[in-house]
file model05.pdb (PDB, C-alpha atoms, pLDDT in the B column)
ATOM      1  CA  MET A   1      -6.025  15.958 -27.066  1.00 72.00           C
ATOM      2  CA  PRO A   2      -9.495  15.332 -28.496  1.00 79.00           C
ATOM      3  CA  PRO A   3     -12.362  16.626 -26.337  1.00 77.00           C
ATOM      4  CA  GLU A   4     -13.908  13.135 -26.057  1.00 77.00           C
ATOM      5  CA  ILE A   5     -10.804  11.826 -24.320  1.00 80.00           C
ATOM      6  CA  SER A   6     -10.278  14.799 -22.028  1.00 74.00           C
ATOM      7  CA  GLN A   7     -13.955  14.696 -21.022  1.00 72.00           C
ATOM      8  CA  HIS A   8     -13.621  11.157 -19.643  1.00 82.00           C
ATOM      9  CA  LEU A   9     -10.116  11.542 -18.236  1.00 85.00           C
ATOM     10  CA  GLY A  10     -11.457  12.936 -14.963  1.00 82.00           C
ATOM     11  CA  GLN A  11     -13.756   9.959 -14.534  1.00 85.00           C
ATOM     12  CA  VAL A  12     -10.933   7.509 -15.148  1.00 87.00           C
ATOM     13  CA  SER A  13      -8.604   9.265 -12.719  1.00 87.00           C
ATOM     14  CA  ALA A  14     -11.323   9.430 -10.036  1.00 86.00           C
ATOM     15  CA  GLY A  15     -11.940   5.705 -10.451  1.00 87.00           C
ATOM     16  CA  ALA A  16      -8.230   4.992 -10.198  1.00 90.00           C
ATOM     17  CA  GLY A  17      -8.022   7.170  -7.071  1.00 88.00           C
ATOM     18  CA  ILE A  18     -10.852   5.259  -5.425  1.00 89.00           C
ATOM     19  CA  GLY A  19      -9.203   1.947  -6.284  1.00 90.00           C
ATOM     20  CA  LEU A  20      -5.820   3.035  -4.933  1.00 91.00           C
ATOM     21  CA  SER A  21      -7.454   4.330  -1.782  1.00 90.00           C
ATOM     22  CA  VAL A  22      -9.131   0.989  -1.126  1.00 91.00           C
ATOM     23  CA  VAL A  23      -5.975  -0.995  -1.901  1.00 93.00           C
ATOM     24  CA  GLY A  24      -3.955   1.214   0.449  1.00 91.00           C
ATOM     25  CA  MET A  25      -6.527   0.742   3.183  1.00 92.00           C
ATOM     26  CA  GLY A  26      -6.399  -3.024   2.765  1.00 93.00           C
ATOM     27  CA  LEU A  27      -2.611  -3.064   2.976  1.00 94.00           C
ATOM     28  CA  GLY A  28      -2.617  -0.777   6.009  1.00 92.00           C
ATOM     29  CA  VAL A  29      -5.149  -2.824   7.955  1.00 94.00           C
ATOM     30  CA  GLY A  30      -3.337  -6.035   7.025  1.00 94.00           C
ATOM     31  CA  LEU A  31      -0.030  -4.697   8.311  1.00 95.00           C
ATOM     32  CA  ILE A  32      -1.650  -3.484  11.525  1.00 93.00           C
ATOM     33  CA  PHE A  33      -3.201  -6.880  12.252  1.00 94.00           C
ATOM     34  CA  ALA A  34      -0.018  -8.754  11.297  1.00 95.00           C
ATOM     35  CA  SER A  35       2.044  -6.612  13.657  1.00 94.00           C
ATOM     36  CA  ALA A  36      -0.507  -7.027  16.441  1.00 93.00           C
ATOM     37  CA  ILE A  37      -0.469 -10.814  16.077  1.00 94.00           C
ATOM     38  CA  GLN A  38       3.335 -10.878  16.203  1.00 96.00           C
ATOM     39  CA  SER A  39       3.373  -8.601  19.247  1.00 94.00           C
ATOM     40  CA  VAL A  40       0.853 -10.713  21.146  1.00 94.00           C
ATOM     41  CA  ALA A  41       2.826 -13.847  20.269  1.00 95.00           C
ATOM     42  CA  ARG A  42       5.941 -12.273  21.811  1.00 95.00           C
ATOM     43  CA  GLN A  43       4.276 -10.744  24.889  1.00 95.00           C
ATOM     44  CA  PRO A  44       0.870 -12.272  25.648  1.00 94.00           C
ATOM     45  CA  GLU A  45       0.427 -10.145  28.781  1.00 95.00           C
ATOM     46  CA  MET A  46       0.243  -6.989  26.610  1.00 93.00           C
ATOM     47  CA  ALA A  47      -2.642  -8.311  24.500  1.00 93.00           C
ATOM     48  CA  LYS A  48      -5.304  -5.967  25.912  1.00 93.00           C
ATOM     49  CA  GLN A  49      -3.211  -2.813  25.415  1.00 94.00           C
ATOM     50  CA  LEU A  50      -2.127  -3.899  21.943  1.00 93.00           C
ATOM     51  CA  THR A  51      -5.714  -4.627  20.936  1.00 93.00           C
ATOM     52  CA  THR A  52      -6.745  -1.102  21.885  1.00 94.00           C
ATOM     53  CA  LEU A  53      -3.877   0.412  19.907  1.00 93.00           C
ATOM     54  CA  MET A  54      -4.653  -1.886  16.980  1.00 93.00           C
ATOM     55  CA  TYR A  55      -8.253  -0.691  16.780  1.00 93.00           C
ATOM     56  CA  ILE A  56      -7.192   2.960  17.007  1.00 94.00           C
ATOM     57  CA  GLY A  57      -4.719   2.457  14.164  1.00 92.00           C
ATOM     58  CA  MET A  58      -7.297   0.594  12.114  1.00 93.00           C
ATOM     59  CA  ALA A  59      -9.817   3.404  12.573  1.00 94.00           C
ATOM     60  CA  LEU A  60      -7.253   5.980  11.446  1.00 93.00           C
ATOM     61  CA  VAL A  61      -6.344   3.978   8.334  1.00 92.00           C
ATOM     62  CA  GLU A  62      -9.972   3.414   7.382  1.00 92.00           C
ATOM     63  CA  GLY A  63     -10.784   7.072   8.035  1.00 93.00           C
ATOM     64  CA  MET A  64      -8.047   8.170   5.634  1.00 92.00           C
ATOM     65  CA  ALA A  65      -9.277   5.696   3.020  1.00 90.00           C
ATOM     66  CA  LEU A  66     -12.820   6.986   3.395  1.00 92.00           C
ATOM     67  CA  LEU A  67     -11.578  10.556   2.938  1.00 93.00           C
ATOM     68  CA  GLY A  68      -9.769   9.474  -0.233  1.00 89.00           C
ATOM     69  CA  VAL A  69     -12.933   7.894  -1.612  1.00 89.00           C
ATOM     70  CA  VAL A  70     -15.023  10.958  -0.726  1.00 91.00           C
ATOM     71  CA  PHE A  71     -12.536  13.344  -2.335  1.00 90.00           C
ATOM     72  CA  CYS A  72     -12.450  11.277  -5.527  1.00 88.00           C
ATOM     73  CA  TYR A  73     -16.246  11.167  -5.596  1.00 87.00           C
ATOM     74  CA  LEU A  74     -16.424  14.939  -5.111  1.00 89.00           C
ATOM     75  CA  ALA A  75     -13.863  15.434  -7.879  1.00 84.00           C
ATOM     76  CA  LEU A  76     -15.963  13.226 -10.108  1.00 82.00           C
ATOM     77  CA  LYS A  77     -19.213  15.067  -9.417  1.00 82.00           C
ATOM     78  CA  GLY A  78     -17.779  18.567  -9.036  1.00 69.00           C
TER      79      GLY A  78
END
call {"tool": "encode", "arguments": {"input": "model05.pdb", "output": "structure tokens"}}
result
Amino acid sequence: MPPEISQHLGQVSAGAGIGLSVVGMGLGVGLIFASAIQSVARQPEMAKQLTTLMYIGMALVEGMALLGVVFCYLALKG
């Protein structure tokens, strides 16, 4: 492999990793909210408890996505 290509391969893979991390976060948050809406529609009296669980799950998904972005950035700069 020519050195010009291998030099930029890390940058391309870091960019792809950041993109996949953001797409995964979007899908995860969308599924969490869709499930919460369905659950509240079935049992409205559980809305407060489900909202709390929904926000905890959303924070975990976004935290993992942020870690993915940070790791790709560190791989790009390091």
call {"tool": "atom_distance", "arguments": {"input": "model05.pdb", "atom1": "atom CA of Ser21 of chain A", "atom2": "atom CA of Ile56 of chain A"}}
result
18.8 Å
call {"tool": "residues_around", "arguments": {"input": "model05.pdb", "residues": "segment 2-10 of chain A", "least_positions_apart": "2", "cutoff": "9 Å", "atoms": "only C-alpha atoms", "output": "VMD selection string"}}
result
chain A and resid 12 to 15 75 to 76
call {"tool": "resolve_selection", "arguments": {"input": "model05.pdb", "expression": "the PyMOL selection byres ((chain A and resi 66) around 12)", "output": "PyMOL selection string"}}
result
chain A and resi 17-26+59-65+67-73
call {"tool": "atom_distance", "arguments": {"input": "model05.pdb", "atom1": "atom CA of Tyr55 of chain A", "atom2": "atom CA of Leu74 of chain A"}}
result
28.1 Å
call {"tool": "residues_near_point", "arguments": {"input": "model05.pdb", "point": "(-3.8, -0.2, 10.0)", "cutoff": "6 Å", "atoms": "all atoms listed in the file", "output": "JSON, numbers by chain"}}
result
{"A": [28, 29, 32, 57, 58, 61]}
call {"tool": "closest_residue", "arguments": {"input": "model05.pdb", "among": "A:Ala41, A:Met1, A:Ala36, A:Ala16", "to": "Met54 of chain A", "atoms": "all atoms listed in the file"}}
result
A:Ala36
call {"tool": "atom_distance", "arguments": {"input": "model05.pdb", "atom1": "atom CA of Ile37 of chain A", "atom2": "atom CA of Leu50 of chain A"}}
result
9.2 Å
call {"tool": "axis_aligned_box", "arguments": {"input": "model05.pdb", "around": "segment 28-45 of chain A", "padding_each_side": "8 Å", "output": "JSON"}}
result
{"center_x": 0.4, "center_y": -7.3, "center_z": 17.4, "size_x": 27.1, "size_y": 29.1, "size_z": 38.8}
call {"tool": "build_atoms", "arguments": {"input": "model05.pdb", "residues": "segment 6-35 of chain A", "atoms": "N, CA and C atoms", "output": "compact mmCIF listing (two decimals), keeping the file's coordinate frame"}}
result
# COMPACT_ATOMS: atom_id res chain seq x y z
N SER A 6 -10.48 13.96 -23.21
CA SER A 6 -10.28 14.80 -22.03
C SER A 6 -11.54 14.88 -21.17
N GLN A 7 -12.70 14.67 -21.78
CA GLN A 7 -13.96 14.70 -21.02
C GLN A 7 -14.03 13.51 -20.06
N HIS A 8 -13.53 12.36 -20.47
CA HIS A 8 -13.62 11.16 -19.64
C HIS A 8 -12.37 10.91 -18.81
N LEU A 9 -11.35 11.73 -18.99
CA LEU A 9 -10.12 11.54 -18.24
C LEU A 9 -10.32 11.76 -16.74
N GLY A 10 -11.16 12.70 -16.37
CA GLY A 10 -11.46 12.94 -14.96
C GLY A 10 -12.16 11.75 -14.33
N GLN A 11 -13.05 11.12 -15.07
CA GLN A 11 -13.76 9.96 -14.53
C GLN A 11 -12.81 8.78 -14.33
N VAL A 12 -11.89 8.61 -15.27
CA VAL A 12 -10.93 7.51 -15.15
C VAL A 12 -10.00 7.75 -13.97
N SER A 13 -9.52 8.99 -13.83
CA SER A 13 -8.60 9.26 -12.72
C SER A 13 -9.31 9.18 -11.37
N ALA A 14 -10.58 9.57 -11.29
CA ALA A 14 -11.32 9.43 -10.04
C ALA A 14 -11.52 7.95 -9.69
N GLY A 15 -11.81 7.14 -10.69
CA GLY A 15 -11.94 5.70 -10.45
C GLY A 15 -10.64 5.08 -10.00
N ALA A 16 -9.54 5.50 -10.61
CA ALA A 16 -8.23 4.99 -10.20
C ALA A 16 -7.90 5.45 -8.78
N GLY A 17 -8.27 6.67 -8.43
CA GLY A 17 -8.02 7.17 -7.07
C GLY A 17 -8.81 6.39 -6.03
N ILE A 18 -10.04 6.06 -6.35
CA ILE A 18 -10.85 5.26 -5.42
C ILE A 18 -10.24 3.87 -5.26
N GLY A 19 -9.82 3.27 -6.36
CA GLY A 19 -9.20 1.95 -6.28
C GLY A 19 -7.92 1.95 -5.47
N LEU A 20 -7.07 2.95 -5.69
CA LEU A 20 -5.82 3.04 -4.93
C LEU A 20 -6.08 3.29 -3.46
N SER A 21 -7.11 4.06 -3.17
CA SER A 21 -7.45 4.33 -1.78
C SER A 21 -7.88 3.05 -1.07
N VAL A 22 -8.66 2.24 -1.73
CA VAL A 22 -9.13 0.99 -1.13
C VAL A 22 -7.99 -0.01 -0.99
N VAL A 23 -7.12 -0.08 -1.99
CA VAL A 23 -5.98 -1.00 -1.90
C VAL A 23 -5.05 -0.57 -0.76
N GLY A 24 -4.80 0.72 -0.64
CA GLY A 24 -3.96 1.21 0.45
C GLY A 24 -4.55 0.92 1.81
N MET A 25 -5.86 1.05 1.92
CA MET A 25 -6.53 0.74 3.18
C MET A 25 -6.39 -0.75 3.52
N GLY A 26 -6.54 -1.59 2.53
CA GLY A 26 -6.40 -3.02 2.76
C GLY A 26 -5.00 -3.40 3.21
N LEU A 27 -4.00 -2.80 2.57
CA LEU A 27 -2.61 -3.06 2.98
C LEU A 27 -2.34 -2.54 4.38
N GLY A 28 -2.84 -1.36 4.68
CA GLY A 28 -2.62 -0.78 6.01
C GLY A 28 -3.24 -1.60 7.12
N VAL A 29 -4.47 -2.01 6.93
CA VAL A 29 -5.15 -2.82 7.96
C VAL A 29 -4.47 -4.19 8.09
N GLY A 30 -4.04 -4.75 6.97
CA GLY A 30 -3.34 -6.04 7.02
C GLY A 30 -2.04 -5.95 7.79
N LEU A 31 -1.28 -4.88 7.58
CA LEU A 31 -0.03 -4.70 8.31
C LEU A 31 -0.28 -4.47 9.80
N ILE A 32 -1.33 -3.72 10.12
CA ILE A 32 -1.65 -3.48 11.52
C ILE A 32 -1.98 -4.80 12.22
N PHE A 33 -2.83 -5.62 11.62
CA PHE A 33 -3.20 -6.88 12.25
C PHE A 33 -2.02 -7.85 12.31
N ALA A 34 -1.18 -7.87 11.27
CA ALA A 34 -0.02 -8.75 11.30
C ALA A 34 0.94 -8.36 12.41
N SER A 35 1.16 -7.08 12.58
CA SER A 35 2.04 -6.61 13.66
C SER A 35 1.45 -6.89 15.02
